[in-house]
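S.K.: Supplied structure: protein_38.cif, mmCIF, C-alpha atoms.
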data_data
loop_
_atom_site.label_atom_id
_atom_site.label_comp_id
_atom_site.auth_asym_id
_atom_site.auth_seq_id
_atom_site.Cartn_x
_atom_site.Cartn_y
_atom_site.Cartn_z
CA MET A 628 146.79 170.11 100.73
CA PRO A 629 144.89 171.65 103.64
CA ARG A 630 146.80 171.99 106.90
CA LEU A 631 145.38 172.62 110.37
CA ILE A 632 147.59 173.61 113.31
CA LEU A 633 146.23 173.38 116.86
CA VAL A 634 147.87 175.03 119.87
CA ARG A 635 146.62 174.79 123.42
CA HIS A 636 147.17 178.06 125.30
CA GLY A 637 150.36 178.41 127.34
CA GLN A 638 150.36 177.79 131.08
CA SER A 639 147.75 179.93 132.85
CA GLN A 640 147.81 181.19 136.42
CA TRP A 641 145.20 178.62 137.42
CA ASN A 642 147.07 175.83 135.62
CA LEU A 643 149.95 176.77 137.90
CA GLU A 644 147.69 176.86 140.97
CA ASN A 645 146.00 173.54 140.00
CA ARG A 646 142.50 175.04 139.97
CA PHE A 647 139.50 174.27 137.76
CA THR A 648 139.29 177.13 135.26
CA GLY A 649 136.73 176.47 132.53
CA TRP A 650 135.12 179.68 131.27
CA TRP A 651 136.66 181.92 133.92
CA ASP A 652 139.05 184.40 132.35
CA VAL A 653 142.53 183.70 133.69
CA ASP A 654 145.70 185.15 132.17
CA LEU A 655 148.95 183.44 131.18
CA THR A 656 151.90 183.09 133.51
CA ALA A 657 155.35 184.25 132.36
CA LYS A 658 156.05 180.60 131.52
CA GLY A 659 152.84 180.49 129.48
CA GLU A 660 153.91 183.54 127.51
CA ASP A 661 157.25 181.87 126.80
CA GLU A 662 155.49 178.67 125.68
CA ALA A 663 153.36 180.69 123.24
CA ARG A 664 156.39 182.50 121.81
CA ALA A 665 158.22 179.19 121.46
CA ALA A 666 155.27 177.74 119.53
CA GLY A 667 155.39 180.64 117.09
CA ALA A 668 159.15 180.45 116.73
CA LEU A 669 158.84 176.74 115.91
CA LEU A 670 156.23 177.47 113.24
CA LYS A 671 158.59 180.02 111.68
CA GLU A 672 161.60 177.72 111.91
CA ARG A 673 159.73 174.87 110.17
CA GLY A 674 158.26 177.19 107.54
CA MET A 675 154.75 176.27 108.63
CA LEU A 676 153.21 179.73 108.55
CA PRO A 677 149.48 180.17 109.17
CA THR A 678 147.42 182.36 106.85
CA VAL A 679 144.30 182.64 109.05
CA ALA A 680 143.69 182.06 112.75
CA PHE A 681 140.85 181.23 115.11
CA THR A 682 140.64 181.49 118.88
CA SER A 683 138.18 181.65 121.76
CA PHE A 684 136.83 184.59 123.77
CA GLN A 685 139.27 183.82 126.61
CA THR A 686 142.34 185.92 127.34
CA ARG A 687 144.76 183.03 127.79
CA ALA A 688 144.00 181.69 124.30
CA ILE A 689 143.90 185.11 122.63
CA ARG A 690 147.25 186.14 124.10
CA THR A 691 148.75 182.76 123.21
CA LEU A 692 147.66 183.33 119.62
CA HIS A 693 149.15 186.82 119.55
CA PHE A 694 152.48 185.82 121.10
CA ALA A 695 152.75 182.90 118.68
CA LEU A 696 151.87 184.98 115.64
CA GLU A 697 154.29 187.72 116.64
CA ALA A 698 157.12 185.18 117.02
CA ALA A 699 156.22 183.70 113.64
CA GLY A 700 156.09 187.13 111.97
CA ARG A 701 152.39 186.62 111.18
CA LEU A 702 150.65 189.03 113.55
CA TRP A 703 148.94 190.62 110.54
CA ILE A 704 146.90 187.61 109.40
CA PRO A 705 143.09 187.61 109.81
CA GLU A 706 141.85 186.17 113.09
CA THR A 707 138.38 185.22 114.29
CA LYS A 708 137.28 184.88 117.91
CA ASP A 709 134.29 182.77 118.90
CA TRP A 710 132.92 181.59 122.26
CA ARG A 711 132.35 178.13 120.83
CA LEU A 712 136.11 177.54 121.02
CA ASN A 713 136.06 178.31 124.76
CA GLU A 714 137.22 175.75 127.29
CA ARG A 715 134.71 173.29 128.71
CA HIS A 716 132.59 174.92 131.44
CA TYR A 717 133.46 173.30 134.78
CA GLY A 718 130.28 174.49 136.50
CA GLY A 719 130.39 174.50 140.27
CA LEU A 720 133.99 173.28 140.27
CA THR A 721 135.18 176.59 138.78
CA GLY A 722 137.90 178.14 140.93
CA LEU A 723 138.32 175.12 143.20
CA ASP A 724 141.70 173.59 143.97
CA LYS A 725 141.81 170.16 142.31
CA ALA A 726 143.62 168.43 145.18
CA GLU A 727 141.29 169.89 147.82
CA THR A 728 138.26 168.90 145.72
CA ALA A 729 139.56 165.33 145.52
CA ALA A 730 140.11 165.26 149.28
CA ARG A 731 136.53 166.45 149.84
CA HIS A 732 134.67 164.37 147.24
CA GLY A 733 137.07 161.47 146.62
CA ASP A 734 139.47 160.80 143.79
CA GLU A 735 136.98 158.67 141.86
CA GLN A 736 134.24 161.32 141.83
CA VAL A 737 136.68 163.99 140.68
CA ARG A 738 138.02 161.64 138.01
CA ILE A 739 134.46 161.18 136.72
CA TRP A 740 133.84 164.93 136.64
CA ARG A 741 137.15 165.58 134.90
CA ARG A 742 137.45 162.61 132.57
CA SER A 743 134.09 160.99 131.86
CA PHE A 744 132.73 161.67 128.39
CA ASP A 745 129.17 162.64 129.27
CA THR A 746 128.95 163.32 133.03
CA PRO A 747 129.11 167.06 133.76
CA PRO A 748 130.30 168.59 137.05
CA PRO A 749 127.73 170.14 139.42
CA VAL A 750 126.05 173.25 138.00
CA LEU A 751 127.36 176.74 138.74
CA GLU A 752 124.84 178.54 140.94
CA ASP A 753 123.34 181.79 139.66
CA GLY A 754 124.94 184.78 141.33
CA SER A 755 128.06 182.82 142.21
CA GLN A 756 131.45 184.52 142.27
CA PHE A 757 132.15 183.00 138.85
CA ASP A 758 128.78 183.78 137.22
CA LEU A 759 129.49 185.32 133.80
CA LYS A 760 126.05 186.67 132.96
CA ALA A 761 127.22 190.27 133.37
CA ASP A 762 130.33 189.77 131.21
CA PRO A 763 129.81 191.84 128.03
CA ARG A 764 131.63 189.34 125.82
CA TYR A 765 128.79 186.86 126.41
CA ALA A 766 125.89 189.25 125.81
CA GLY A 767 123.13 187.35 124.02
CA ILE A 768 124.83 183.97 124.53
CA ALA A 769 123.15 181.20 126.52
CA ILE A 770 126.01 180.62 128.94
CA PRO A 771 126.10 177.00 130.15
CA SER A 772 125.99 176.31 133.88
CA THR A 773 128.17 173.20 133.41
CA GLU A 774 129.41 171.03 130.54
CA SER A 775 130.61 167.50 129.93
CA LEU A 776 133.13 166.82 127.17
CA LYS A 777 130.19 165.61 125.08
CA ASP A 778 128.50 169.01 125.56
CA THR A 779 131.70 170.81 124.57
CA ILE A 780 132.01 168.75 121.39
CA ALA A 781 128.38 169.59 120.55
CA ARG A 782 129.26 173.29 120.27
CA VAL A 783 132.80 173.03 118.87
CA LEU A 784 132.10 170.74 115.90
CA PRO A 785 129.30 172.80 114.31
CA TYR A 786 131.59 175.84 114.54
CA TYR A 787 134.41 173.85 112.93
CA GLN A 788 132.12 172.82 110.07
CA ALA A 789 130.70 176.32 109.60
CA ALA A 790 133.83 178.46 109.92
CA ILE A 791 137.11 176.52 110.07
CA ALA A 792 136.45 173.81 107.47
CA PRO A 793 135.59 176.33 104.72
CA ALA A 794 138.88 178.15 105.35
CA LEU A 795 140.77 174.86 105.05
CA GLN A 796 138.91 173.98 101.84
CA ALA A 797 139.83 177.40 100.45
CA GLY A 798 143.50 176.47 100.83
CA GLU A 799 144.32 178.40 103.99
CA THR A 800 146.84 177.17 106.55
CA VAL A 801 144.72 177.46 109.68
CA LEU A 802 145.98 178.02 113.23
CA VAL A 803 143.55 177.42 116.11
CA ALA A 804 144.69 178.61 119.55
CA ALA A 805 142.26 177.26 122.08
CA HIS A 806 141.89 175.01 125.14
CA GLY A 807 142.43 171.42 126.22
CA ASN A 808 138.82 170.31 125.79
CA SER A 809 137.83 172.39 122.76
CA LEU A 810 140.92 171.02 121.02
CA ARG A 811 140.07 167.49 122.17
CA ALA A 812 136.81 167.93 120.27
CA LEU A 813 138.69 168.71 117.05
CA VAL A 814 141.25 165.92 117.51
CA LYS A 815 138.46 163.43 118.24
CA HIS A 816 136.60 164.38 115.09
CA LEU A 817 139.58 164.47 112.76
CA SER A 818 141.31 161.36 114.11
CA GLY A 819 138.15 159.30 114.64
CA ILE A 820 138.91 158.68 118.32
CA SER A 821 136.22 156.86 120.31
CA ASP A 822 134.22 158.40 123.16
CA ALA A 823 136.04 156.17 125.64
CA GLU A 824 139.53 156.90 124.35
CA ILE A 825 139.27 160.66 123.91
CA THR A 826 138.95 161.29 127.66
CA GLY A 827 142.50 160.00 128.12
CA LEU A 828 144.07 162.20 125.46
CA GLU A 829 146.39 164.79 127.01
CA ILE A 830 147.11 167.95 125.04
CA PRO A 831 150.17 169.78 126.40
CA THR A 832 150.31 173.57 126.59
CA GLY A 833 152.09 175.47 123.84
CA GLN A 834 152.87 172.47 121.61
CA PRO A 835 151.67 172.83 117.99
CA ILE A 836 149.76 169.78 116.72
CA VAL A 837 149.66 169.55 112.93
CA PHE A 838 146.98 167.83 110.87
CA GLU A 839 147.80 167.14 107.24
CA LEU A 840 144.44 166.78 105.51
CA ASP A 841 143.21 165.60 102.13
CA ALA A 842 140.88 167.60 99.89
CA ASP A 843 137.86 166.24 101.79
CA LEU A 844 139.47 167.23 105.14
CA ASN A 845 140.17 163.67 106.17
CA ALA A 846 143.28 163.42 108.33
CA LEU A 847 146.25 161.89 106.53
CA GLU A 848 148.64 162.54 109.41
CA ARG A 849 148.68 164.05 112.92
CA TYR A 850 151.91 164.97 114.69
CA TYR A 851 153.55 167.32 117.15
CA LEU A 852 155.63 169.81 115.21
CA SER A 853 158.41 169.57 117.80
CA GLU A 854 158.90 165.91 116.84
CA ARG A 855 159.55 166.65 113.14
#
Using the file provided, produce a representation of the structure as structure tokens.

M.R.:
Amino acid sequence: MPRLILVRHGQSQWNLENRFTGWWDVDLTAKGEDEARAAGALLKERGMLPTVAFTSFQTRAIRTLHFALEAAGRLWIPETKDWRLNERHYGGLTGLDKAETAARHGDEQVRIWRRSFDTPPPVLEDGSQFDLKADPRYAGIAIPSTESLKDTIARVLPYYQAAIAPALQAGETVLVAAHGNSLRALVKHLSGISDAEITGLEIPTGQPIVFELDADLNALERYYLSER
């Protein structure tokens, strides 16, 4: 039966500093590297070895994938990178300290920006410090200036249907190393979680989530591998 394994990247430097990250390219901390290795070691220990992998264009997810695959002895498997698995774009909040932002705008406004389903943060101004238009990895891509979770889902799910679902239907064991919100999109779709409920779903760093699927890619079971 098809099996999909999701792993949120290990702790990043801006996770540690409590800053809004989004599409900005931030690397893993030493703890994040350890979390990624531990995820791979757990996959190996449980005999749940991926045969193909997908990740985003962002360093923290790519390096998480590579550390995990190395620990699992699967560094050689095919991998595909795509910007549509990137984290949600936090717009004008990018780089800001979350506590300071709450002090300035109020806890409720920040909660709406972070957790509402369809309300995006303020847009990122052109020419800002965090403007990615000159980044070669996004050449030819219409980079968003901000995204809600709804916007993120609207790019992740078509990619899932076009690229990941066919691999699952071909019998591959698929590992996706990505981000909190791009993975929320997949969990929402596969588990049938409502718009209201998905905003409260927390996905911890470096913890493999396993979906056991039927032949039509309906979820039979979802669980954290560490709990089995």

S.K.: Determine the residue membership of the PyMOL selection byres ((chain A and resi 828-844) around 6) for the file above and supply it as JSON, numbers by chain.

M.R.: {"A": [628, 629, 630, 631, 632, 633, 634, 635, 636, 637, 662, 663, 666, 807, 825, 826, 827, 845, 846, 847, 848, 849, 850, 851, 852]}

S.K.: For this structure, which residues satisfy the selection - the PyMOL selection byres ((chain A and resi 812) around 9) - when it is evaluated on the file as given? I want them as a list in words.

M.R.: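 What the PyMOL selection byres ((chain A and resi 812) around 9) grabs from the file is Leu776, Lys777, Thr779, Ile780, Ala781, Val783, Leu784, Gly807, Asn808, Ser809, Leu810, Arg811, Leu813, Val814, Lys815, His816, Leu817 and Ile825 of chain A.
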
S.K.: Let me know the centre plus edge lengths, in Å and rounded to one decimal, of a box with edges along x, y and z that contains all listed atoms of stretch 784-792 of chain A and is padded by 5 Å on every side, as JSON.

M.R.:
{"center_x": 133.2, "center_y": 174.6, "center_z": 111.7, "size_x": 17.8, "size_y": 17.7, "size_z": 18.4}

S.K.: With distances taken over only C-alpha atoms, which of A:Pro785, A:Gly767, A:Gly667, A:Pro677 is nearest to A:His693?

M.R.: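 Checking each of A:Pro785, A:Gly767, A:Gly667, A:Pro677 against A:His693, counting only C-alpha atoms, the winner is A:Gly667.
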
S.K.: With all atoms listed in the file as the basis for distance, which of A:Leu655, A:Ile768, A:Leu802, A:Ile739 is at the shortest distance from A:Leu670?

M.R.: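 So, comparing all the options, the nearest one is A:Leu802.
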
S.K.: Starting from the PyMOL selection byres ((chain A and resi 804) around 6), expand the selection into actual residues of this file and give them as a PDB file with C-alpha atoms, keeping the file's coordinate frame.

M.R.:
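Saved as result-v3.pdb:
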ATOM      1  CA  VAL A 634     147.870 175.030 119.870  1.00  0.00           C
ATOM      2  CA  ARG A 635     146.620 174.790 123.420  1.00  0.00           C
ATOM      3  CA  THR A 682     140.640 181.490 118.880  1.00  0.00           C
ATOM      4  CA  ALA A 688     144.000 181.690 124.300  1.00  0.00           C
ATOM      5  CA  LEU A 692     147.660 183.330 119.620  1.00  0.00           C
ATOM      6  CA  VAL A 803     143.550 177.420 116.110  1.00  0.00           C
ATOM      7  CA  ALA A 805     142.260 177.260 122.080  1.00  0.00           C
TER       8      ALA A 805
END

S.K.: Rounded to one decimal place, report the atom CA of A:Glu660-atom CA of A:Leu723 distance in Å.

M.R.: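 One can read the atom CA of A:Glu660 to atom CA of A:Leu723 distance as 23.7 Å.
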
S.K.: Taking all atoms listed in the file into account, which of A:Glu735, A:Ile689, A:Leu643, A:Ala699 comes nearest A:Arg673?

M.R.: A:Ala699

S.K.: Go through A:Glu697, A:Glu824, A:Gln640, A:Leu676 one by one, measure the shortest atom-to-atom distance of each to A:Arg664 using all atoms listed in the file, and give the residue with the smallest value.

M.R.: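 Closest candidate: A:Glu697.
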
S.K.: Kindly indicate which residue among A:Arg687, A:His716, A:Arg731, A:Arg711 lies nearest to A:Trp650, using only C-alpha atoms for the distances.

M.R.: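 For A:Trp650, the nearest of the candidates is A:His716.
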
S.K.: Would you work out the distance separating atom CA of A:Val737 from atom CA of A:Leu751, expressed in Å to one decimal?

M.R.: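 Taking atom CA of A:Val737 as the start and atom CA of A:Leu751 as the end point, the length is 15.9 Å.
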
S.K.: Need to verify the contact set: A:Arg741, 10 Å, all atoms listed in the file, exclusion of same-chain residues closer than 6 positions in sequence. Can you return it as number ranges by chain?

M.R.: A: 647, 717, 720, 725, 735, 747-748, 775-776, 826

S.K.: Atom CA of A:Gln796 to atom CA of A:Ala698: how many Å, to one decimal?

M.R.: 26.2 Å

S.K.: For a quick check of understanding, using only C-alpha atoms, which of A:Thr728, A:Thr691, A:Thr721, A:Ser639 has the smallest distance to A:Leu759?

M.R.: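 Using only C-alpha atoms, the shortest distance to A:Leu759 belongs to A:Thr721.
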